[in-house]
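Trainee: My questions will all concern the structure given below.
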Amino acid sequence: MSAIDSLRNVLELERQKGYTDRAVIGGLDKYLHKQARQIRQDLIVALNEVKSKELIPRLLNDFDELNLANSNYVSYSRSERKQWITTVFGWLDQLDKAKSVIPGQDTGERTGKVQVKLRPNDQDASLSRAARTAARLKQNQTADLDSPITAVKGITPRVAAKLAKLNVRTVRDLLYLFPRRYLDYSRRKLISEVVEGEEQTIIGTIWQAKVATFGNRAGTEAIVGDESGTIRVVWFNQPYLAKRFRTNAKVVISGTVGLFKGQKVFESPEWELLEDKELIHTGRLVPVYPLTQGLYPRQVRKWTKEVVDGYAWQVVDFLPSEIRNRCQLLELPTAISQIHYPDDQTMAEKARRRLAFDELLLLQLGVLAKKREWQEGQPGNAFRIDREVIHRFLSCLPFSLTRAQERVLEEVLADLKQPKAMSRLLQGEVGSGKTVIATLALLTAAVNDYQAALMAPTEILAEQHFNNICSYLRQAVTRGESSEVADGTSRCYRGFLSRPFTVALLIGSLTAAEKERLHGKIKRGEVDVVIGTHALIQKEVEFRKLGLAVIDEQHRFGVLQRSALRQKGFNPHVLVMTATPIPRTMALTLYGDLDLSVIDELPPGRRVVRTKCLEPQDRERAYNFLRSQVANGRQAFIICPLIEESEALQVKAATTEYERLSREIFPDLKLGLLHGQMPSGEKEDVMRRFRAGQLDILVSTSVVEVGIDVPRASIMLIEGAERFGLSQLHQFRGRVGRDKEQGYCLLIPEKPSPEARERLRLMEKIHNGFALAEKDLELRGPGEFFGTHQSGLPDLRLAKLTDLDGLELARREAIALFRSDPNLEKPEHAHLRQQLSQAWSKAAEWS
Ligand code: ADP
Ligand code: MG
């Protein structure tokens, strides 16, 4: 007797016994818990008998939603028990019915929509497919989604090693290796209708196929004919094809048609013999997969087809059906099948939408859970806000806060007052004055006898913060009877707070002795504010009482580092700052664990950097202008074009450019070179020399440090400008004109298309980073705008952070879920909970 039959008997007995949980010894839950696996296995065998294969995902899904392994029958009331058992019977009936149904007209509906009738005998296609699926099932009974990929026919350990490079190790991974795009080979033409230069598909009979030579290479030449005519088809280097094409065999050819001596010819097209099989390489939307050395498109398609047919329906849909319905999403097994081998463009898009939703929902849920854990897991430290100190500090500054700064300051102070930890993201354009806000928060921590830390991504930035903050404090203390005492790594201010107040700089390049001394002072609580780099999160650094952590240029740090700094204290307040303008919804998704504040106003009198988009032939003039600026004691940046394919190429190009400029253009000036593959000490050194005015021109790749102040730099020349996003160009130009002098930004595109030139022109007109970010999104579309790679976050394969509607939807659903069932404890959320922990497991330290 199968486990399914026993299940039926047990439930029947339980019904007879009046739902008293006496049908089996030990209780129903224990029985189900032990049997669930076997029941599912038997179910998979039973599904072979189901004729309408499209019912299978639903049956399996419904079964999984019953969640027998985690049943909680014992806790139910009598009427709940009755209802639950009725549900299970309902499902058993469904299964029985499915086994007796023969596929009818309705099941053909979707295939009917395909534009081409290519399949040899369309009505039979789904049947024969089903038969094959069933056969495969028998053979695969031991393999499941988590089996190593070698369980798939044709995948040898050698192939598996290649697939591993694409992070494909299990059957499930292969299901989740999504195509990058599709070739549209779904439009069938008669041979007489074929036109030159377009992707199209023909079906015909092989009249003749033979080995032919092209130049000195052997290839294959075939003549294919249909009722309307014949056409030549050539493959330049696959002589073995000649043997595979038997005369009179039916073949499908998909590809682009060219002209040779006035005759139309298919050149190295995709081909597929028309057998009793679904087409996967031709005659449809054909998936194009990411490949790695030694993998060929046809092979990969064969394997993905294999797993889609054999395993996709085993994937458990972890989304509660309520959400799926509300958001009108495909079921997961269907979405997975359709993303690989879509019936048509509409289905491909629906599949993408479902799978992207999953990614965003999991991202959101994880981020929300993290936030709650920080805020509610343990109480935070409520700070007293000392208005007197804040006022005294502000009144000593040579400027007054902008309205936006005032607003943001109040938002920060309001957080600090709370007995739960602040988690706030402070966004503000370059030069909008984030540092003052941070300084006031640091001071407030000190007033409350807590220590505070500020972490910057580079030594230069850390030093810069240290100097700026010290200069603010110096201005504040020199008013009264007060003093600044400096030693190598720290400065102490008296007369400002009721006790001496010490600020220290902790960076990697300190000597070991200096570091050790500083570590000691931090541990003993003799330092109030520590400003530093990653050196701050080393394990030797122990704070006596860390109450606030400020992190500058957030996008440079992963979630993990943020978390590491947080862990240095007892649930400290956290403020992260960034100059990268991110549209709100996107910020909420990526940093959904953070509240958002925006400084959307620059201090008055800030001059905009004058920006000009030049033609490549204007380069001479640009160099002359640059030279004249240098003659006036100014400095210049020259940014080299972005080469995305390879960091090594990029470095090479920058080095060549640096040498060319040094030798041919500016032999009399002092030039420096900065690129990503230099050791960090060398990088810092070049930047330091540039900042100190020892270099006139800094030739750099796009690594040039965000946030760096080089007061005398007035000119920014950007080569290959069309390769950068507007936001990035805006960040670059924020590096110049920091002083009172006018700043200039010259954009030299390489081979601009009219659209690219138009886009660059926007830089001349728009000087607001957020407006440019929005434009970027609009013009460059998804993917380009913001690197999605954030360490510690689950990866996004299909979801685009630029899909604002999708973000909004996922966020709304995540928040609703979170409200109704914060720990995902409800039975209908069990699969979701499991999926969530899997998605986040890569960032294990995170949770
Ligand atoms: P960012 O937001 O890029 O980190 P900073 O905090 O470095 O900007 O500030 C840039 C410059 O503007 C600094 O020299 C700072 O002293 C100055 N500044 C900050 N706020 C104001 C203000 N309200 N009015 C005038 N200058 C200001
Ligand atoms: Mg800054």
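By convention here, the chains of the structure tokens are called A, B, ... in the order presented, each chain's residues are numbered starting at 1, and ligands are numbered starting at 1 in the order presented.
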Please give me, as an mmCIF file with N, CA and C atoms, in the first residue's frame, the residues lying within 9 Å of ligand 1 when counting only C-alpha atoms and all ligand atoms.

Mentor:
```cif
data_model
loop_
_atom_site.group_PDB
_atom_site.id
_atom_site.type_symbol
_atom_site.label_atom_id
_atom_site.label_comp_id
_atom_site.auth_asym_id
_atom_site.auth_seq_id
_atom_site.Cartn_x
_atom_site.Cartn_y
_atom_site.Cartn_z
ATOM 1 N N LEU A 397 30.318 78.417 14.397
ATOM 2 C CA LEU A 397 30.654 78.122 13.000
ATOM 3 C C LEU A 397 30.580 79.402 12.177
ATOM 4 N N PRO A 398 31.372 79.463 11.128
ATOM 5 C CA PRO A 398 31.344 80.665 10.278
ATOM 6 C C PRO A 398 30.111 80.714 9.369
ATOM 7 N N PHE A 399 29.217 79.783 9.505
ATOM 8 C CA PHE A 399 28.014 79.803 8.658
ATOM 9 C C PHE A 399 26.838 79.318 9.484
ATOM 10 N N SER A 400 25.639 79.555 9.000
ATOM 11 C CA SER A 400 24.512 78.942 9.698
ATOM 12 C C SER A 400 23.987 77.790 8.856
ATOM 13 N N LEU A 401 23.323 76.875 9.513
ATOM 14 C CA LEU A 401 22.861 75.678 8.811
ATOM 15 C C LEU A 401 21.822 76.041 7.751
ATOM 16 N N THR A 402 21.824 75.283 6.681
ATOM 17 C CA THR A 402 20.743 75.444 5.704
ATOM 18 C C THR A 402 19.471 74.863 6.314
ATOM 19 N N ARG A 403 18.341 75.188 5.688
ATOM 20 C CA ARG A 403 17.102 74.650 6.233
ATOM 21 C C ARG A 403 17.083 73.131 6.198
ATOM 22 N N ALA A 404 17.637 72.606 5.106
ATOM 23 C CA ALA A 404 17.656 71.146 4.993
ATOM 24 C C ALA A 404 18.529 70.540 6.088
ATOM 25 N N GLN A 405 19.642 71.172 6.368
ATOM 26 C CA GLN A 405 20.502 70.667 7.440
ATOM 27 C C GLN A 405 19.774 70.710 8.781
ATOM 28 N N GLU A 406 19.069 71.818 9.015
ATOM 29 C CA GLU A 406 18.324 71.929 10.282
ATOM 30 C C GLU A 406 17.300 70.809 10.418
ATOM 31 N N GLN A 427 21.330 61.020 3.189
ATOM 32 C CA GLN A 427 21.755 61.267 1.817
ATOM 33 C C GLN A 427 21.914 62.745 1.615
ATOM 34 N N GLY A 428 22.968 63.124 0.931
ATOM 35 C CA GLY A 428 23.104 64.539 0.614
ATOM 36 C C GLY A 428 24.165 64.701 -0.434
ATOM 37 N N GLU A 429 23.917 65.556 -1.381
ATOM 38 C CA GLU A 429 24.866 65.855 -2.437
ATOM 39 C C GLU A 429 26.243 66.130 -1.878
ATOM 40 N N VAL A 430 27.193 65.939 -2.744
ATOM 41 C CA VAL A 430 28.545 66.384 -2.460
ATOM 42 C C VAL A 430 28.487 67.845 -2.015
ATOM 43 N N GLY A 431 29.096 68.141 -0.868
ATOM 44 C CA GLY A 431 29.161 69.537 -0.430
ATOM 45 C C GLY A 431 27.907 70.052 0.249
ATOM 46 N N SER A 432 26.956 69.148 0.520
ATOM 47 C CA SER A 432 25.724 69.627 1.139
ATOM 48 C C SER A 432 25.883 69.818 2.648
ATOM 49 N N GLY A 433 27.006 69.382 3.180
ATOM 50 C CA GLY A 433 27.275 69.644 4.590
ATOM 51 C C GLY A 433 26.815 68.546 5.527
ATOM 52 N N LYS A 434 27.151 67.332 5.184
ATOM 53 C CA LYS A 434 26.768 66.207 6.051
ATOM 54 C C LYS A 434 27.648 66.132 7.296
ATOM 55 N N THR A 435 28.912 66.577 7.133
ATOM 56 C CA THR A 435 29.860 66.414 8.231
ATOM 57 C C THR A 435 29.436 67.165 9.496
ATOM 58 N N VAL A 436 28.865 68.344 9.319
ATOM 59 C CA VAL A 436 28.434 69.111 10.496
ATOM 60 C C VAL A 436 27.380 68.334 11.267
ATOM 61 N N ILE A 437 26.466 67.735 10.528
ATOM 62 C CA ILE A 437 25.404 66.970 11.179
ATOM 63 C C ILE A 437 26.028 65.808 11.966
ATOM 64 N N ALA A 438 26.963 65.136 11.310
ATOM 65 C CA ALA A 438 27.626 64.019 11.975
ATOM 66 C C ALA A 438 28.338 64.504 13.230
ATOM 67 N N GLN A 464 40.682 63.544 6.364
ATOM 68 C CA GLN A 464 39.941 64.746 6.019
ATOM 69 C C GLN A 464 38.846 65.023 7.054
ATOM 70 N N HIS A 465 38.139 63.982 7.439
ATOM 71 C CA HIS A 465 37.106 64.159 8.462
ATOM 72 C C HIS A 465 37.716 64.607 9.777
ATOM 73 N N ASN A 468 38.589 68.228 9.479
ATOM 74 C CA ASN A 468 37.410 69.094 9.459
ATOM 75 C C ASN A 468 36.750 69.180 10.820
ATOM 76 N N TYR A 472 36.245 72.427 13.187
ATOM 77 C CA TYR A 472 34.983 72.894 13.762
ATOM 78 C C TYR A 472 35.119 73.075 15.273
ATOM 79 N N ASP A 552 30.627 56.864 6.791
ATOM 80 C CA ASP A 552 30.576 57.782 5.659
ATOM 81 C C ASP A 552 30.671 57.005 4.360
ATOM 82 N N GLU A 553 30.047 57.527 3.322
ATOM 83 C CA GLU A 553 30.065 56.918 1.991
ATOM 84 C C GLU A 553 29.644 55.462 2.059
ATOM 85 N N MET A 577 26.092 57.769 5.978
ATOM 86 C CA MET A 577 25.976 58.941 5.103
ATOM 87 C C MET A 577 26.412 58.564 3.696
ATOM 88 N N THR A 578 25.741 59.117 2.714
ATOM 89 C CA THR A 578 26.168 58.861 1.345
ATOM 90 C C THR A 578 25.889 60.058 0.459
ATOM 91 N N ALA A 579 26.773 60.231 -0.525
ATOM 92 C CA ALA A 579 26.567 61.300 -1.495
ATOM 93 C C ALA A 579 26.008 60.739 -2.786
ATOM 94 N N ILE A 599 19.436 65.640 2.698
ATOM 95 C CA ILE A 599 19.761 67.066 2.630
ATOM 96 C C ILE A 599 19.653 67.447 1.164
ATOM 97 N N LEU A 602 21.909 72.892 -1.178
ATOM 98 C CA LEU A 602 23.324 73.201 -0.976
ATOM 99 C C LEU A 602 23.449 74.509 -0.210
ATOM 100 N N PRO A 603 24.545 74.677 0.525
ATOM 101 C CA PRO A 603 24.756 75.962 1.205
ATOM 102 C C PRO A 603 24.723 77.094 0.171
ATOM 103 N N PRO A 604 24.260 78.256 0.591
ATOM 104 C CA PRO A 604 24.106 79.353 -0.364
ATOM 105 C C PRO A 604 25.449 79.750 -0.974
ATOM 106 N N GLY A 605 25.382 80.271 -2.186
ATOM 107 C CA GLY A 605 26.586 80.810 -2.814
ATOM 108 C C GLY A 605 27.491 79.771 -3.430
ATOM 109 N N ARG A 606 27.084 78.509 -3.337
ATOM 110 C CA ARG A 606 27.896 77.465 -3.962
ATOM 111 C C ARG A 606 27.846 77.648 -5.466
ATOM 112 N N GLY A 707 34.267 61.876 -2.352
ATOM 113 C CA GLY A 707 34.325 62.606 -1.093
ATOM 114 C C GLY A 707 35.624 63.337 -0.836
ATOM 115 N N ILE A 708 36.603 63.139 -1.721
ATOM 116 C CA ILE A 708 37.898 63.763 -1.475
ATOM 117 C C ILE A 708 37.880 65.253 -1.792
ATOM 118 N N ASP A 709 38.452 66.014 -0.872
ATOM 119 C CA ASP A 709 38.595 67.443 -1.030
ATOM 120 C C ASP A 709 39.987 67.765 -1.515
ATOM 121 N N GLY A 734 31.937 66.744 -8.772
ATOM 122 C CA GLY A 734 31.881 67.237 -7.395
ATOM 123 C C GLY A 734 33.273 67.354 -6.770
ATOM 124 N N ARG A 738 35.926 73.069 -5.204
ATOM 125 C CA ARG A 738 35.547 73.003 -3.794
ATOM 126 C C ARG A 738 35.965 74.293 -3.089
ATOM 127 N N ASP A 739 36.892 74.989 -3.680
ATOM 128 C CA ASP A 739 37.384 76.239 -3.106
ATOM 129 C C ASP A 739 36.479 77.375 -3.585
#
```

Trainee: Counting only C-alpha atoms, which of A:Val252, A:Met1, A:Leu332, A:Leu7 gets nearest to Gln35 of chain A?

Mentor: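 Looking only at the distances to Gln35 of chain A, the closest residue turns out to be A:Leu7.
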
Trainee: Using only C-alpha atoms, can you tell me which of A:Met347, A:Ile203, A:Ile191, A:Val152 comes closest to Tyr311 of chain A?

Mentor: A:Val152

Trainee: List every residue of segment 523-724 of chain A that DSSP, applied to the backbone of this structure, places in strand (DSSP E or B), and write the result as number ranges by chain.

Mentor: A: 529-532, 546-551, 573-578, 595-599, 610-613, 635-639, 671-674, 697-700, 713-719

Trainee: I need the residues from that last selection saved to file as a tab-separated table (two decimals), in the first residue's frame (with N, CA and C atoms), if you can.

Mentor:
```
chain	number	residue	atom	x	y	z
A	529	VAL	N	35.78	60.45	20.72
A	529	VAL	CA	35.39	60.23	19.33
A	529	VAL	C	36.57	59.64	18.56
A	530	VAL	N	36.38	58.51	17.92
A	530	VAL	CA	37.43	57.92	17.10
A	530	VAL	C	37.02	58.00	15.64
A	531	ILE	N	37.92	58.57	14.83
A	531	ILE	CA	37.65	58.66	13.41
A	531	ILE	C	38.63	57.73	12.72
A	532	GLY	N	38.16	56.91	11.79
A	532	GLY	CA	39.10	55.98	11.20
A	532	GLY	C	38.58	55.27	9.99
A	546	LEU	N	30.70	52.23	23.43
A	546	LEU	CA	30.37	52.84	22.14
A	546	LEU	C	28.86	53.07	22.04
A	547	GLY	N	28.47	54.33	21.84
A	547	GLY	CA	27.04	54.63	21.79
A	547	GLY	C	26.55	55.08	20.43
A	548	LEU	N	27.51	55.42	19.53
A	548	LEU	CA	27.11	55.92	18.21
A	548	LEU	C	28.16	55.56	17.18
A	549	ALA	N	27.71	55.04	16.05
A	549	ALA	CA	28.63	54.77	14.95
A	549	ALA	C	28.15	55.53	13.72
A	550	VAL	N	29.03	56.33	13.13
A	550	VAL	CA	28.69	57.05	11.91
A	550	VAL	C	29.53	56.44	10.80
A	551	ILE	N	28.90	56.17	9.65
A	551	ILE	CA	29.61	55.56	8.55
A	551	ILE	C	29.47	56.45	7.33
A	573	HIS	N	23.63	53.59	18.36
A	573	HIS	CA	22.93	54.28	17.28
A	573	HIS	C	23.81	54.24	16.04
A	574	VAL	N	23.19	54.14	14.86
A	574	VAL	CA	23.99	54.10	13.64
A	574	VAL	C	23.47	55.14	12.64
A	575	LEU	N	24.41	55.94	12.15
A	575	LEU	CA	24.08	56.93	11.11
A	575	LEU	C	24.97	56.65	9.92
A	576	VAL	N	24.40	56.38	8.76
A	576	VAL	CA	25.25	56.19	7.59
A	576	VAL	C	25.01	57.34	6.62
A	577	MET	N	26.09	57.77	5.98
A	577	MET	CA	25.98	58.94	5.10
A	577	MET	C	26.41	58.56	3.70
A	578	THR	N	25.74	59.12	2.71
A	578	THR	CA	26.17	58.86	1.34
A	578	THR	C	25.89	60.06	0.46
A	595	ASP	N	16.19	54.20	8.21
A	595	ASP	CA	15.29	55.30	7.91
A	595	ASP	C	16.06	56.28	7.04
A	596	LEU	N	15.33	57.12	6.35
A	596	LEU	CA	15.98	57.96	5.35
A	596	LEU	C	15.84	59.44	5.65
A	597	SER	N	16.98	60.15	5.61
A	597	SER	CA	16.96	61.60	5.68
A	597	SER	C	17.69	62.15	4.47
A	598	VAL	N	17.22	63.24	3.93
A	598	VAL	CA	17.87	63.79	2.74
A	598	VAL	C	18.17	65.27	2.93
A	599	ILE	N	19.44	65.64	2.70
A	599	ILE	CA	19.76	67.07	2.63
A	599	ILE	C	19.65	67.45	1.16
A	610	ARG	N	31.13	74.61	-13.97
A	610	ARG	CA	30.79	74.86	-15.38
A	610	ARG	C	31.18	73.65	-16.22
A	611	THR	N	30.21	73.15	-16.94
A	611	THR	CA	30.42	71.88	-17.63
A	611	THR	C	30.24	72.05	-19.13
A	612	LYS	N	31.14	71.42	-19.88
A	612	LYS	CA	31.06	71.56	-21.33
A	612	LYS	C	31.30	70.20	-21.97
A	613	CYS	N	30.46	69.88	-22.91
A	613	CYS	CA	30.63	68.64	-23.64
A	613	CYS	C	31.34	68.95	-24.96
A	635	GLN	N	44.91	72.82	-10.06
A	635	GLN	CA	45.24	71.42	-10.38
A	635	GLN	C	44.13	70.78	-11.19
A	636	ALA	N	44.44	69.65	-11.83
A	636	ALA	CA	43.45	69.03	-12.71
A	636	ALA	C	43.39	67.52	-12.52
A	637	PHE	N	42.20	66.99	-12.72
A	637	PHE	CA	42.01	65.54	-12.82
A	637	PHE	C	41.80	65.18	-14.29
A	638	ILE	N	42.38	64.08	-14.74
A	638	ILE	CA	42.01	63.53	-16.04
A	638	ILE	C	41.52	62.11	-15.82
A	639	ILE	N	40.26	61.86	-16.12
A	639	ILE	CA	39.68	60.54	-15.89
A	639	ILE	C	39.72	59.74	-17.20
A	671	LEU	N	52.87	64.94	-13.18
A	671	LEU	CA	51.67	64.11	-13.30
A	671	LEU	C	51.71	62.93	-12.33
A	672	GLY	N	50.55	62.51	-11.88
A	672	GLY	CA	50.46	61.30	-11.05
A	672	GLY	C	49.45	60.34	-11.67
A	673	LEU	N	49.58	59.07	-11.32
A	673	LEU	CA	48.67	58.05	-11.85
A	673	LEU	C	47.97	57.32	-10.70
A	674	LEU	N	46.69	57.12	-10.86
A	674	LEU	CA	45.92	56.44	-9.82
A	674	LEU	C	45.01	55.41	-10.47
A	697	ILE	N	48.68	67.36	-12.18
A	697	ILE	CA	47.59	66.64	-12.84
A	697	ILE	C	47.53	65.21	-12.31
A	698	LEU	N	46.33	64.77	-11.98
A	698	LEU	CA	46.17	63.39	-11.56
A	698	LEU	C	45.42	62.64	-12.65
A	699	VAL	N	46.11	61.66	-13.26
A	699	VAL	CA	45.47	60.82	-14.28
A	699	VAL	C	44.89	59.61	-13.54
A	700	SER	N	43.62	59.36	-13.70
A	700	SER	CA	43.00	58.35	-12.85
A	700	SER	C	41.94	57.54	-13.59
A	713	ALA	N	42.03	71.91	-6.78
A	713	ALA	CA	41.66	71.28	-8.05
A	713	ALA	C	40.49	72.03	-8.65
A	714	SER	N	40.63	72.49	-9.88
A	714	SER	CA	39.56	73.29	-10.45
A	714	SER	C	39.06	72.70	-11.76
A	715	ILE	N	39.77	71.70	-12.27
A	715	ILE	CA	39.35	71.23	-13.58
A	715	ILE	C	39.34	69.70	-13.65
A	716	MET	N	38.27	69.22	-14.24
A	716	MET	CA	38.06	67.77	-14.34
A	716	MET	C	37.82	67.45	-15.80
A	717	LEU	N	38.75	66.70	-16.38
A	717	LEU	CA	38.58	66.34	-17.79
A	717	LEU	C	38.25	64.86	-17.86
A	718	ILE	N	37.15	64.52	-18.50
A	718	ILE	CA	36.72	63.12	-18.50
A	718	ILE	C	36.73	62.56	-19.92
A	719	GLU	N	37.59	61.60	-20.16
A	719	GLU	CA	37.69	60.95	-21.47
A	719	GLU	C	36.63	59.84	-21.56
```

Trainee: Which residues are close to segment 749-761 of chain A, i.e. within 8 Å by only C-alpha atoms, leaving aside same-chain residues fewer than 4 positions away? Reply as an NGL selection string.

Mentor: :A and (612-616 or 719-722 or 726 or 765 or 779)

Trainee: Could you please take those selected residues and save N, CA and C atoms as an mmCIF file, in the first residue's frame?

Mentor:
```cif
data_model
loop_
_atom_site.group_PDB
_atom_site.id
_atom_site.type_symbol
_atom_site.label_atom_id
_atom_site.label_comp_id
_atom_site.auth_asym_id
_atom_site.auth_seq_id
_atom_site.Cartn_x
_atom_site.Cartn_y
_atom_site.Cartn_z
ATOM 1 N N LYS A 612 31.143 71.422 -19.879
ATOM 2 C CA LYS A 612 31.063 71.557 -21.330
ATOM 3 C C LYS A 612 31.302 70.201 -21.974
ATOM 4 N N CYS A 613 30.456 69.881 -22.906
ATOM 5 C CA CYS A 613 30.634 68.642 -23.639
ATOM 6 C C CYS A 613 31.337 68.947 -24.959
ATOM 7 N N LEU A 614 32.531 68.397 -25.136
ATOM 8 C CA LEU A 614 33.358 68.715 -26.311
ATOM 9 C C LEU A 614 33.295 67.594 -27.340
ATOM 10 N N GLU A 615 33.909 67.853 -28.486
ATOM 11 C CA GLU A 615 34.074 66.823 -29.505
ATOM 12 C C GLU A 615 35.478 66.254 -29.366
ATOM 13 N N PRO A 616 35.674 65.019 -29.810
ATOM 14 C CA PRO A 616 37.013 64.441 -29.700
ATOM 15 C C PRO A 616 38.096 65.348 -30.304
ATOM 16 N N GLU A 719 37.594 61.601 -20.160
ATOM 17 C CA GLU A 719 37.688 60.950 -21.470
ATOM 18 C C GLU A 719 36.632 59.839 -21.559
ATOM 19 N N GLY A 720 36.185 59.575 -22.752
ATOM 20 C CA GLY A 720 35.199 58.498 -22.939
ATOM 21 C C GLY A 720 33.965 58.750 -22.095
ATOM 22 N N ALA A 721 33.572 60.010 -22.027
ATOM 23 C CA ALA A 721 32.536 60.416 -21.071
ATOM 24 C C ALA A 721 31.221 59.656 -21.275
ATOM 25 N N GLU A 722 30.938 59.258 -22.524
ATOM 26 C CA GLU A 722 29.637 58.619 -22.761
ATOM 27 C C GLU A 722 29.543 57.249 -22.104
ATOM 28 N N LEU A 726 25.268 59.398 -15.789
ATOM 29 C CA LEU A 726 25.199 60.804 -15.401
ATOM 30 C C LEU A 726 25.520 60.990 -13.921
ATOM 31 N N LYS A 765 23.390 71.364 -18.342
ATOM 32 C CA LYS A 765 22.224 72.106 -17.860
ATOM 33 C C LYS A 765 21.833 71.771 -16.430
ATOM 34 N N LEU A 779 16.908 57.328 -19.004
ATOM 35 C CA LEU A 779 17.587 57.202 -20.295
ATOM 36 C C LEU A 779 18.376 55.915 -20.446
#
```

Trainee: Neighbouring residues of Leu163 of chain A were defined as those with any atom within 10 Å, considering only C-alpha atoms; residues of the same chain fewer than 6 positions away were excluded. Please report them as a PDB file with C-alpha atoms, in the first residue's frame.

Mentor:
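Contents of the output file selection04.pdb:
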```pdb
ATOM      1  CA  ILE A 149      24.114  18.559 -11.190  1.00  0.00           C
ATOM      2  CA  ILE A 155      26.562  16.259 -17.317  1.00  0.00           C
ATOM      3  CA  PRO A 157      32.063  15.745 -13.633  1.00  0.00           C
ATOM      4  CA  ARG A 169      26.182  22.967  -8.553  1.00  0.00           C
ATOM      5  CA  THR A 170      22.795  21.405  -8.007  1.00  0.00           C
ATOM      6  CA  ASP A 173      20.962  25.938  -9.409  1.00  0.00           C
ATOM      7  CA  LEU A 174      20.538  24.999 -13.042  1.00  0.00           C
ATOM      8  CA  LEU A 177      20.437  29.792 -14.264  1.00  0.00           C
ATOM      9  CA  LEU A 291      28.334  30.761 -20.845  1.00  0.00           C
ATOM     10  CA  THR A 292      31.783  30.053 -19.660  1.00  0.00           C
ATOM     11  CA  GLN A 293      34.784  28.658 -21.462  1.00  0.00           C
ATOM     12  CA  GLY A 294      34.069  25.231 -22.889  1.00  0.00           C
ATOM     13  CA  LEU A 295      30.288  25.345 -22.686  1.00  0.00           C
ATOM     14  CA  VAL A 300      23.356  24.198 -22.122  1.00  0.00           C
TER      15      VAL A 300
END
```

Trainee: May I have the residues within 10 Å of segment 517-521 of chain A as JSON, numbers by chain, using only C-alpha atoms and disregarding those fewer than 5 positions away in the same chain?

Mentor: {"A": [489, 490, 504, 505, 506, 510, 511, 512, 526, 527, 528, 530, 536, 540, 541, 542, 543, 544]}

Trainee: Point out the residue among A:Ala648, A:Leu661, A:Ile507, A:Ile537 with the least atom-to-atom distance to Gln567 of chain A, counting only C-alpha atoms.

Mentor: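 Using only C-alpha atoms, Gln567 of chain A sits closest to A:Ile537.
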
Trainee: Write out as a ChimeraX atom specification which residues come within 9 Å of Trp271 of chain A when counting only C-alpha atoms, dropping same-chain ones fewer than 3 positions away.

Mentor: /A:251-255,268,281-282

Trainee: Okay, now the selection with C-alpha atoms, as a PDB file, in the first residue's frame?

Mentor:
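Once written, out.pdb looks like this:
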```
ATOM      1  CA  VAL A 251      14.950  20.361 -40.496  1.00  0.00           C
ATOM      2  CA  VAL A 252      14.279  23.702 -38.832  1.00  0.00           C
ATOM      3  CA  ILE A 253      16.698  26.489 -39.603  1.00  0.00           C
ATOM      4  CA  SER A 254      16.773  29.720 -37.599  1.00  0.00           C
ATOM      5  CA  GLY A 255      19.142  32.572 -38.189  1.00  0.00           C
ATOM      6  CA  SER A 268      25.900  29.243 -39.755  1.00  0.00           C
ATOM      7  CA  HIS A 281      17.125  25.629 -30.520  1.00  0.00           C
ATOM      8  CA  THR A 282      14.880  26.920 -33.273  1.00  0.00           C
TER       9      THR A 282
END
```

Trainee: Residues near Arg352 of chain A, anyone? I mean within 9 Å using only C-alpha atoms, not counting same-chain ones fewer than 4 positions away, as a PyMOL selection string.

Mentor: chain A and resi 335-336+338-339+347-348+356-357+798-799

Trainee: With DSSP run on the backbone, what are the helix (DSSP H, G or I) residues within segment 483-730 of chain A? I'd like them as a PyMOL selection string.

Mentor: chain A and resi 512-524+534-537+554-556+559-566+584-590+616-631+647-665+680-691+721-723+726-730

Trainee: Using Å and a single decimal, report how far atom CA of Ala453 of chain A sits from atom CA of Thr533 of chain A.

Mentor: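 About the pair atom CA of Thr533 of chain A and atom CA of Ala453 of chain A: they are 10.1 Å apart.
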
Trainee: Restricting the calculation to only C-alpha atoms and all ligand atoms, which member of A:Asp29, A:Glu828, A:Asp62, A:Glu463 is positioned closest to ligand 2?

Mentor: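 Between A:Asp29, A:Glu828, A:Asp62, A:Glu463, the residue approaching ligand 2 most closely is A:Glu463.
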